[in-house]
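Student: I have a structure I would like to understand better, so I am pasting it below and will then ask my questions one at a time.
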Amino acid sequence: MSSALRERAAAEPARHPQLSLLPSARRLPGPRIVLAGIYVVALAYHWLQSRAHVSPAVFGDELLYSKLAQSIASGEGFSVRGETVLFPAPLAVLLQAPAWLLDSTPAAYGVAKAINTAVMSAAVFPAYCLARRIVRPGYALLAAAMAVAGPAMLYAPYLMSEALAYPVFLLALATMVRAIARPSPRMEAAVIAVSLGAVLTRTQFVVVPLAYLLALPVVARLGTEPVGLTLRRHRLSLGVLGLGLPVAAGAALLGTYGGVTHLDYDLGAALAWSGRTAALLPFAFGLLVVPGAVLGLAVLASRPRTRAESAVGALTIVVAALVLLEVGLISAADAGREVERYAIYLLPLVAVAFFAYAERGAPWRRAYVALALAGAATAWLIPFPASAGTAFSFDAPTFSAYGQVAAWWGHANAATVFAGLPLAGGIALASISLRRPRAPVVVGLATIATLLLAGGAAYAGDHAMTGGTLAQRAGDPPDWL
């Protein structure tokens with residue numbers, strides 16, 4: 001440096017960092033911290049709601065789960081009153097067993113509800129991992145928040161398998177997507193493990209490994225490498241699951257669900273019930289993301305840019321079809337009503353598909369507007385007053401939310417709300433473009449708000465129902481557990 005430059009530098013005043021009241025971008029919390037925060041908030045909210053869930057209500061199932069858990073805690077294995085019970089889905093029982101080590105039944109019941117709530121809220125983590133495979137971190141965080149914001153979370157305090165099944169279902173699909181995107185022997189073993197875990201959590205989750213077996217050839221055809229090479233990369237998981245599914249199904253039917261072999265299944269009636277349940281799901285999914293999710297799945301299936309995108313698209317489409325078919329079969333052969341609770345696991349997949357559509361630049365604008373307006377114009381066709389009444393409906397969170405609104409405001413006002421909100425939402429969706437940078441975030445936040453409102457109404461119905469159950473059936477103190 002010349003002497004003139006040195007003198008000039010010495011003459012200039014030293015620069016001091018400028019103060020600002022706004023945090024710099026580097027000070028913002030990272031996605032992992034935000035995700036942990038979403039989990040903590042969800043856990044706190046749903047735990048507080050669970051405290052007003054004062055009584056078991058599904059007495060056949062909840063008492064079976066709790067009695068088996070008490071038997072495990074006392075070291076007697078899977079038995080009820082000294083009789084061994086062959087239970088095909090034991091993981092949910094094992095989850096709540098530690099709670100029954102407590103001497104106080106009310107305390108043990110509270111701890112069991114808290115464990116279930118903590119586990120079900122943990123669905124944010126596999127939901128985020130699944131979304132992160134194909135969308136940016138901000139979108140993935142919104143998808144994770146949607147997973148734990150809706151009325152499906154009212155199942156957390158029930159002493160059944162839904163609380164554990166929700167995150168296990170998402171973990172299985174997230175693992176399968178990663179295994180397809182980056183095949184390796186370790187991931188092949190992981191697919192087998194999560195498939196087994198899913199079936200041992202909930203017998204109906206036999207559709208999860210079946211979806212993998214059906215989706216993998218589709219992904220292979222969409223890829224750039226030869227189909228045979230792709231299938232050889234996954235020969236371990238394909239072989240084990242292909243051989244193991246019949247064995248797992250047979251073992252399940254030999255357990256407490258053996259009665260399904262004696263039911264009469266009518267395919268036409270099953271498909272009709274599948275359609276009726278599918279018509280309720282947009283309400284359980286927050287309405288606003290559904291048109292984009294439909295087109296998002298179409299984009300992922302027809303124009304995948306990566307193996308992860310084709311895996312998410314194929315798995316979502318196949319598992320959704322299988323779940324809805326299973327729901328229809330259960331309704332037609334046994335329940336005789338909509339069993340929406342068997343399909344609540346699809347909500348995070350719908351959220352991921354919506355943000356994938358936004359991530360790809362929201363193509364097919366006219367089709368998107370048409371879907372939004374069609375949904376807005378047809379919501380009133382669902383006969384909520386006749387189907388839901390004003391009572392809590394354990395099998396259908398959407399009917400539960402409607403029933404509570406009807407109990408508060410009457411059927412006329414409740415029907416107006418459940419027809420008017422989709423109409424207003426559809427018109428709003430048609431009037432904005434998801435190509436705008438902030439539009440997907442606005443739609444995501446509005447969806448979370450909608451889910452929270454619906455969940456609040458469903459929770460209120462649950463609290464009223466369990467309070468009535470406690471008053472009518474329990475002794476003093478309540479000791480039926």
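Convention: chains lettered A, B, ... in structure tokens order; per-chain residue numbering from 1; ligands numbered from 1 as shown.
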As a list in words, please: the residues near range 388-393 of chain A (cut-off 8 Å, only C-alpha atoms, same-chain neighbours under 5 positions excluded).
Tutor: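 After dropping sequence-adjacent residues, the list is Phe399, Ser400, Ala401, Tyr402, Gly403, Gln404, Val405, Ala406, Ala407, Ala458, Gly461, Asp462 and Met465 of chain A.
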Student: I'd like the neighbourhood of Gly110 in chain A as a compact mmCIF listing (two decimals) with C-alpha atoms, in the first residue's frame, where a residue qualifies if any of its atoms comes within 9 Å (using only C-alpha atoms), though same-chain residues fewer than 2 positions away should be ignored.
Tutor:
```txt
# COMPACT_ATOMS: atom_id res chain seq x y z
CA SER A 50 -57.31 -34.01 26.73
CA ARG A 51 -57.82 -32.96 30.36
CA VAL A 54 -62.84 -37.10 31.38
CA ALA A 99 -48.93 -45.62 32.89
CA THR A 105 -56.38 -45.32 38.60
CA PRO A 106 -57.28 -41.63 37.95
CA ALA A 107 -53.56 -40.74 37.85
CA ALA A 108 -52.77 -43.67 35.56
CA ALA A 112 -52.01 -42.70 29.64
CA LYS A 113 -53.82 -39.81 27.95
CA ALA A 114 -50.69 -37.63 28.20
CA ILE A 115 -48.52 -40.35 26.65
CA PRO A 157 -56.76 -39.14 24.59
```
Student: Against range 197-203 of chain A, which residues of range 85-113 of chain A fall within 8 Å? For each one I want the closest pair of atoms and the distance in Å (one decimal), counting only C-alpha atoms, rows by chain and increasing residue number, as a Markdown table.
Tutor:
```
| residue | atom | partner | partner_atom | distance |
| --- | --- | --- | --- | --- |
| A:Pro88 | CA | A:Leu200 | CA | 6.5 |
| A:Ala89 | CA | A:Leu200 | CA | 4.2 |
| A:Pro90 | CA | A:Leu200 | CA | 6.0 |
| A:Leu91 | CA | A:Thr201 | CA | 5.1 |
| A:Ala92 | CA | A:Thr201 | CA | 6.0 |
```
Student: Taking only C-alpha atoms into account, name the residue in A:Gly244, A:Leu236, A:Ala211, A:Pro137 that is nearest to Val323 in chain A.
Tutor: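 That would be A:Ala211, the residue with the smallest distance to Val323 in chain A.
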Student: Separation of CA of Ala379 in chain A and CA of Arg366 in chain A, in Å?
Tutor: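 These two atoms are separated by 20.3 Å.
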Student: Given the choices A:Ala131, A:Val369, A:Ala332, A:Leu210, which gets closest to Pro246 in chain A if the distance is worked out from only C-alpha atoms?
Tutor: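 Checking each candidate against Pro246 in chain A, we get A:Leu210 as the closest.
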Student: Using only C-alpha atoms, find each residue in range 95-188 of chain A having at least one atom no more than 9 Å away from range 333-349 of chain A; report its shortest atom-to-atom pair and that distance in Å (one decimal), rows by chain then rising number, as a Markdown table.
Tutor:
```
| residue | atom | partner | partner_atom | distance |
| --- | --- | --- | --- | --- |
| A:Ala127 | CA | A:Pro348 | CA | 6.3 |
| A:Leu130 | CA | A:Leu349 | CA | 8.6 |
| A:Ala131 | CA | A:Leu349 | CA | 8.3 |
| A:Ala143 | CA | A:Pro348 | CA | 6.3 |
| A:Ala144 | CA | A:Pro348 | CA | 7.1 |
| A:Met146 | CA | A:Pro348 | CA | 6.8 |
| A:Ala147 | CA | A:Pro348 | CA | 5.1 |
| A:Val148 | CA | A:Pro348 | CA | 8.9 |
| A:Gly150 | CA | A:Leu347 | CA | 8.8 |
| A:Ala152 | CA | A:Ile344 | CA | 6.0 |
| A:Tyr155 | CA | A:Arg341 | CA | 8.7 |
| A:Glu162 | CA | A:Arg341 | CA | 8.6 |
| A:Ala165 | CA | A:Tyr345 | CA | 8.4 |
| A:Tyr166 | CA | A:Tyr345 | CA | 5.9 |
| A:Pro167 | CA | A:Tyr345 | CA | 8.6 |
| A:Phe169 | CA | A:Tyr345 | CA | 7.0 |
| A:Leu170 | CA | A:Tyr345 | CA | 7.6 |
```
Student: Considering only C-alpha atoms, state which residue in the set A:Leu63, A:Ala474, A:Ala358, A:Ile33 is at the smallest distance from Val442 in chain A.
Tutor: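 Smallest distance to Val442 in chain A is found for A:Ala358.
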Student: Would you pick out the contacts of range 270-279 of chain A at 8 Å or less, using only C-alpha atoms, so that residues sharing its chain but fewer than 2 positions from it are not included, and give the list as a PyMOL selection string?
Tutor: chain A and resi 265-268+281-282+324-325+327-333+337-340+382
Student: Which is closest to Leu214 in chain A among A:Pro363, A:Pro226, A:Pro183, A:Gly242, if we use only C-alpha atoms?
Tutor: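 The shortest atom-to-atom distance to Leu214 in chain A comes from A:Gly242.
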Student: A:Gly444, A:Ala174, A:Leu288, A:Ala376: which is nearest Thr316 in chain A, counting only C-alpha atoms?
Tutor: A:Ala174
Student: May I have the residues within 10 Å of Ala44 in chain A as a PyMOL selection string, using only C-alpha atoms and disregarding those fewer than 5 positions away in the same chain?
Tutor: chain A and resi 38-39+49-50+114+117-118+121
Student: Contacts of Trp380 in chain A at 9 Å or less, counting only C-alpha atoms, minus same-chain residues fewer than 4 places along, as an MDAnalysis selection string?
Tutor: chainID A and resid 376 384 415:416 418:420 422
Student: May I ask for the distance between CA of Gln70 in chain A and CA of Leu94 in chain A, given in Å to one decimal place?
Tutor: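 Computed distance, CA of Gln70 in chain A to CA of Leu94 in chain A, equals 9.7 Å.
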Student: List every residue of range 345-443 of chain A that DSSP, applied to the backbone, labels as alpha helix (DSSP H), and write the result as an MDAnalysis selection string.
Tutor: chainID A and resid 347:359 365:378 384:388 397:409 411:431 439:443
Student: Go through A:Val218, A:Leu213, A:Val80, A:Ala424 one by one, measure the shortest atom-to-atom distance of each to Leu64 in chain A using only C-alpha atoms, and give the residue with the smallest value.
Tutor: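 Once distances to Leu64 in chain A are computed over only C-alpha atoms, the minimum belongs to A:Val80.
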Student: Within 9 Å of Glu309 in chain A, counting only C-alpha atoms, which residues show up once you throw out same-chain ones fewer than 2 positions away? Write them as an MDAnalysis selection string, please.
Tutor: chainID A and resid 133:134 177 181 300:301 303:307 311:314 356
Student: Create the file for the chosen residues now, containing C-alpha atoms and written as a compact mmCIF listing (two decimals), in the first residue's frame.
Tutor:
```txt
# COMPACT_ATOMS: atom_id res chain seq x y z
CA ARG A 133 -38.15 -34.46 0.28
CA ILE A 134 -39.92 -32.39 -2.35
CA VAL A 177 -39.98 -42.39 -0.03
CA ALA A 181 -35.16 -42.00 -3.74
CA LEU A 300 -46.01 -35.44 -9.32
CA ALA A 301 -47.40 -38.46 -11.15
CA ARG A 303 -44.05 -34.80 -14.53
CA PRO A 304 -41.76 -35.90 -11.72
CA ARG A 305 -38.39 -34.19 -11.64
CA THR A 306 -36.83 -36.54 -9.11
CA ARG A 307 -37.34 -40.06 -7.83
CA ALA A 311 -42.34 -41.76 -5.01
CA VAL A 312 -44.47 -39.25 -3.09
CA GLY A 313 -46.97 -39.01 -5.94
CA ALA A 314 -47.31 -42.75 -6.52
CA ALA A 356 -45.68 -29.58 -4.15
```
Student: Just the residues within 8 Å of Leu245 in chain A, please, counting only C-alpha atoms, with nothing from its chain fewer than 4 positions along; format it as a list of chain:residue names.
Tutor: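 Near Leu245 in chain A, the qualifying residues are A:Val206, A:Pro209, A:Leu210, A:Leu241, A:Ala249.
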